[in-house]
Amino acid sequence: MFERISEGFRSAINKIRMKDDEKALKRALDELKKNLLKADVHFKVVKDLLKEVEIETKRNGIGKANFLKALEKSLNNILTAPGNYGFVFSPNPPTVVMMVGLQGSGKTTTTAKLANYLKTFKKKKVLMVAADLQRLAAVEQLKQLAEMNELDICYDENAKDAIEVAKKCLKEAKEKHYDVVLIDTAGRLAIDEELMNELVRMKEEIKPDEIFYVADSLTGKDALNTAKAFDEKLGITGVILTKYDGDSKGGVALSIAHQVKKPLRFIGSGEKIADFEVFIPDRIVSRIMGAGDIESLVEKTSAVINEKEAKKLTKKLKKGQFNYNDFLNQLEQMKKLGSMKNLLGMIPGMGGMLKQIEDIDLENSSEIKKIKAMINSMTPKERENPHLIKESASRRRRIARGAGLSVQEVNRINKQFQNAAKMAKKFANKKIPDMNELMRMAQNLKFLK
């Protein structure tokens, strides 16, 4: 997500090899400047960061450790804008949020992602309001997202007035005791008076607790300018950056926080509904500096993984009883966590290796599709007892026909599955397997390719 900035930092830090070497510090700062500008960080942000890093490093003594500390502190200062982070709930529900932004910024999808985040991780009752009546497909798009992800939506297909839709749906939300109302508003291809006046009137009528500006990170400096324009008219309370998976530069995050003086609240880090992360400055800095973000990782996994179910699964693993039903259940749980690559980035020391790692697609992987087809062709007894498939050629032929696979593919998948179950059993019992055996098993496991 912040690969370009992280690389730039590592490159700058490596320029300092000796203590009290002012020339080395100058080389490091020049390297830092070059890399930050390449990462699309606004020149004023770069200027302020370099000045702060230089002063702080010289104050504590020139050296790699002090340069690193100064860089971390300065980055934290730049990313920290006045206001709240994450999602703050109103003491008097429902918490009402207006989602605003330009057309094409990903506003409608982001509304659904935020609703899913609040439902999955905060266990809240959320109502999405389809109040974008300007773009023909906007209401239908939000309806489809709601249906696909089991989210609640309020809309009126015959409505002409977005403000009336918002008022009607807000009344419904109060009557049905919703915790949060997310209002998807109209965007335009460019900022115009008509758009702004409608949003200003809606703000006056609805009196939202929050106004989130949704910005497309791929537009770079344009995202910064439009965020300022929306803030002047509406008084936005936070920014959500979308399409961050397509922008390894990451500079727009630093620029918006520093120049607009509004807190970044969330980041959309992929195409799927679960690819959505809360933005907390010190945690993001930790990831940029290569120290990971264990806190966010624990929060994500603990919200999705049921403790009782986890203990039950551990017992089964220890006994070597992991079966295809368990596999499907775990797959569904993992999908709720979003991008596997982003999760790996939260583990300390993994940041520098992310370039070599391909993201794992738990829905569209060809191998996962084959496994699901194979499981759907099994009887309930076969799902619970994978060894039955190994012992019966007639079962394998029947499963292959039902799944549209060859018998050889069924044999291979079942063998991989049993190898994975053996490896999981060894780790569950806290016995470290022989390294050669582990490597051999890893080479044979191709579930996620």
# chains A, B, ... in the order shown; residues from 1 in each chain; ligands from 1
>>> residues_around(residues="Asp30 (chain A)", least_positions_apart="2", cutoff="12 Å", atoms="only C-alpha atoms", output="JSON, numbers by chain")
{"A": [8, 9, 11, 12, 13, 15, 16, 23, 24, 25, 26, 27, 28, 32, 33, 34, 35, 36, 37, 46, 47, 50, 51, 53, 54]}
>>> select_by_dssp(residues="region 136-339 of chain A", states="alpha helix (DSSP H)", output="ChimeraX atom specification")
/A:138-149,162-175,193-206,221-234,251-259,281-288,294-304,307-318,324-335
>>> closest_residue(among="A:Val126, A:Ile256, A:Ala186, A:Ile273", to="Ala138 (chain A)", atoms="only C-alpha atoms")
A:Ala186
>>> closest_residue(among="A:Glu7, A:Asp209, A:Glu384, A:Glu232", to="Met196 (chain A)", atoms="only C-alpha atoms")
A:Glu232
>>> select_by_dssp(residues="region 95-249 of chain A", states="strand (DSSP E)", output="PyMOL selection string")
chain A and resi 95-100+126-130+152-154+180-184+210-216+238-242
>>> write_last_selection(atoms="C-alpha atoms", output="mmCIF file, in the first residue's frame")
data_model
loop_
_atom_site.group_PDB
_atom_site.id
_atom_site.type_symbol
_atom_site.label_atom_id
_atom_site.label_comp_id
_atom_site.auth_asym_id
_atom_site.auth_seq_id
_atom_site.Cartn_x
_atom_site.Cartn_y
_atom_site.Cartn_z
ATOM 1 C CA THR A 95 -25.113 8.208 13.710
ATOM 2 C CA VAL A 96 -25.813 9.948 10.391
ATOM 3 C CA VAL A 97 -23.073 10.191 7.756
ATOM 4 C CA MET A 98 -23.226 11.988 4.397
ATOM 5 C CA MET A 99 -20.919 10.391 1.811
ATOM 6 C CA VAL A 100 -19.820 13.072 -0.676
ATOM 7 C CA VAL A 126 -26.511 -0.073 9.474
ATOM 8 C CA LEU A 127 -28.886 1.409 6.893
ATOM 9 C CA MET A 128 -27.589 2.616 3.521
ATOM 10 C CA VAL A 129 -29.610 5.366 1.821
ATOM 11 C CA ALA A 130 -29.610 5.564 -1.999
ATOM 12 C CA ASP A 152 -29.796 -3.037 4.581
ATOM 13 C CA ILE A 153 -30.830 -0.329 2.125
ATOM 14 C CA CYS A 154 -33.529 2.348 1.867
ATOM 15 C CA VAL A 180 -25.860 4.111 11.689
ATOM 16 C CA VAL A 181 -27.295 5.739 8.543
ATOM 17 C CA LEU A 182 -24.971 6.164 5.523
ATOM 18 C CA ILE A 183 -26.327 8.522 2.841
ATOM 19 C CA ASP A 184 -24.873 8.010 -0.651
ATOM 20 C CA GLU A 210 -20.221 13.339 9.917
ATOM 21 C CA ILE A 211 -19.512 14.333 6.312
ATOM 22 C CA PHE A 212 -16.993 11.997 4.690
ATOM 23 C CA TYR A 213 -15.320 13.136 1.473
ATOM 24 C CA VAL A 214 -14.499 10.145 -0.749
ATOM 25 C CA ALA A 215 -11.368 10.764 -2.832
ATOM 26 C CA ASP A 216 -9.872 8.680 -5.642
ATOM 27 C CA GLY A 238 -12.930 13.291 7.326
ATOM 28 C CA VAL A 239 -11.565 11.776 4.117
ATOM 29 C CA ILE A 240 -11.808 8.225 2.774
ATOM 30 C CA LEU A 241 -9.239 7.324 0.120
ATOM 31 C CA THR A 242 -10.332 4.762 -2.486
#
>>> residues_around(residues="Val139 (chain A)", least_positions_apart="4", cutoff="12 Å", atoms="only C-alpha atoms", output="NGL selection string")
:A and (108-109 or 111 or 128-135 or 143-146 or 153-159 or 162 or 165 or 183-186)
>>> residues_around(residues="Glu382 (chain A)", least_positions_apart="4", cutoff="10 Å", atoms="only C-alpha atoms", output="PyMOL selection string")
chain A and resi 323-325+375+377-378+386-389+395
>>> atom_distance(atom1="CA of Lys125 (chain A)", atom2="CA of Leu151 (chain A)")
9.2 Å
>>> atom_distance(atom1="CA of Ile399 (chain A)", atom2="CA of Asn376 (chain A)")
8.7 Å
>>> atom_distance(atom1="CA of Gln321 (chain A)", atom2="CA of Ile371 (chain A)")
18.3 Å
>>> closest_residue(among="A:Arg17, A:Glu22, A:Ala420, A:Ala81", to="Phe279 (chain A)", atoms="only C-alpha atoms")
A:Ala81
>>> residues_around(residues="Gly402 (chain A)", least_positions_apart="2", cutoff="8 Å", atoms="only C-alpha atoms", output="list in words")
Ala373, Met374, Ser377, Arg398, Ile399, Ala400, Gly404 and Leu405 of chain A
>>> write_last_selection(atoms="N, CA and C atoms", output="JSON list (two decimals), in the first residue's frame")
[["chain", "number", "residue", "atom", "x", "y", "z"],
["A", 373, "ALA", "N", -15.95, -26.91, -6.24],
["A", 373, "ALA", "CA", -16.73, -27.77, -7.12],
["A", 373, "ALA", "C", -16.64, -29.22, -6.65],
["A", 374, "MET", "N", -15.45, -29.63, -6.26],
["A", 374, "MET", "CA", -15.23, -30.99, -5.78],
["A", 374, "MET", "C", -16.01, -31.25, -4.48],
["A", 377, "SER", "N", -19.66, -31.76, -4.87],
["A", 377, "SER", "CA", -20.02, -33.04, -5.47],
["A", 377, "SER", "C", -19.92, -34.20, -4.47],
["A", 398, "ARG", "N", -17.11, -40.62, -9.36],
["A", 398, "ARG", "CA", -18.40, -39.93, -9.23],
["A", 398, "ARG", "C", -18.20, -38.45, -8.90],
["A", 399, "ILE", "N", -17.29, -38.15, -7.98],
["A", 399, "ILE", "CA", -17.01, -36.76, -7.59],
["A", 399, "ILE", "C", -16.45, -35.98, -8.78],
["A", 400, "ALA", "N", -15.55, -36.61, -9.53],
["A", 400, "ALA", "CA", -14.94, -35.95, -10.70],
["A", 400, "ALA", "C", -16.00, -35.59, -11.73],
["A", 404, "GLY", "N", -16.95, -31.71, -12.74],
["A", 404, "GLY", "CA", -16.38, -31.31, -14.03],
["A", 404, "GLY", "C", -14.86, -31.34, -14.01],
["A", 405, "LEU", "N", -14.30, -32.25, -13.20],
["A", 405, "LEU", "CA", -12.84, -32.39, -13.07],
["A", 405, "LEU", "C", -12.42, -33.77, -13.54]]
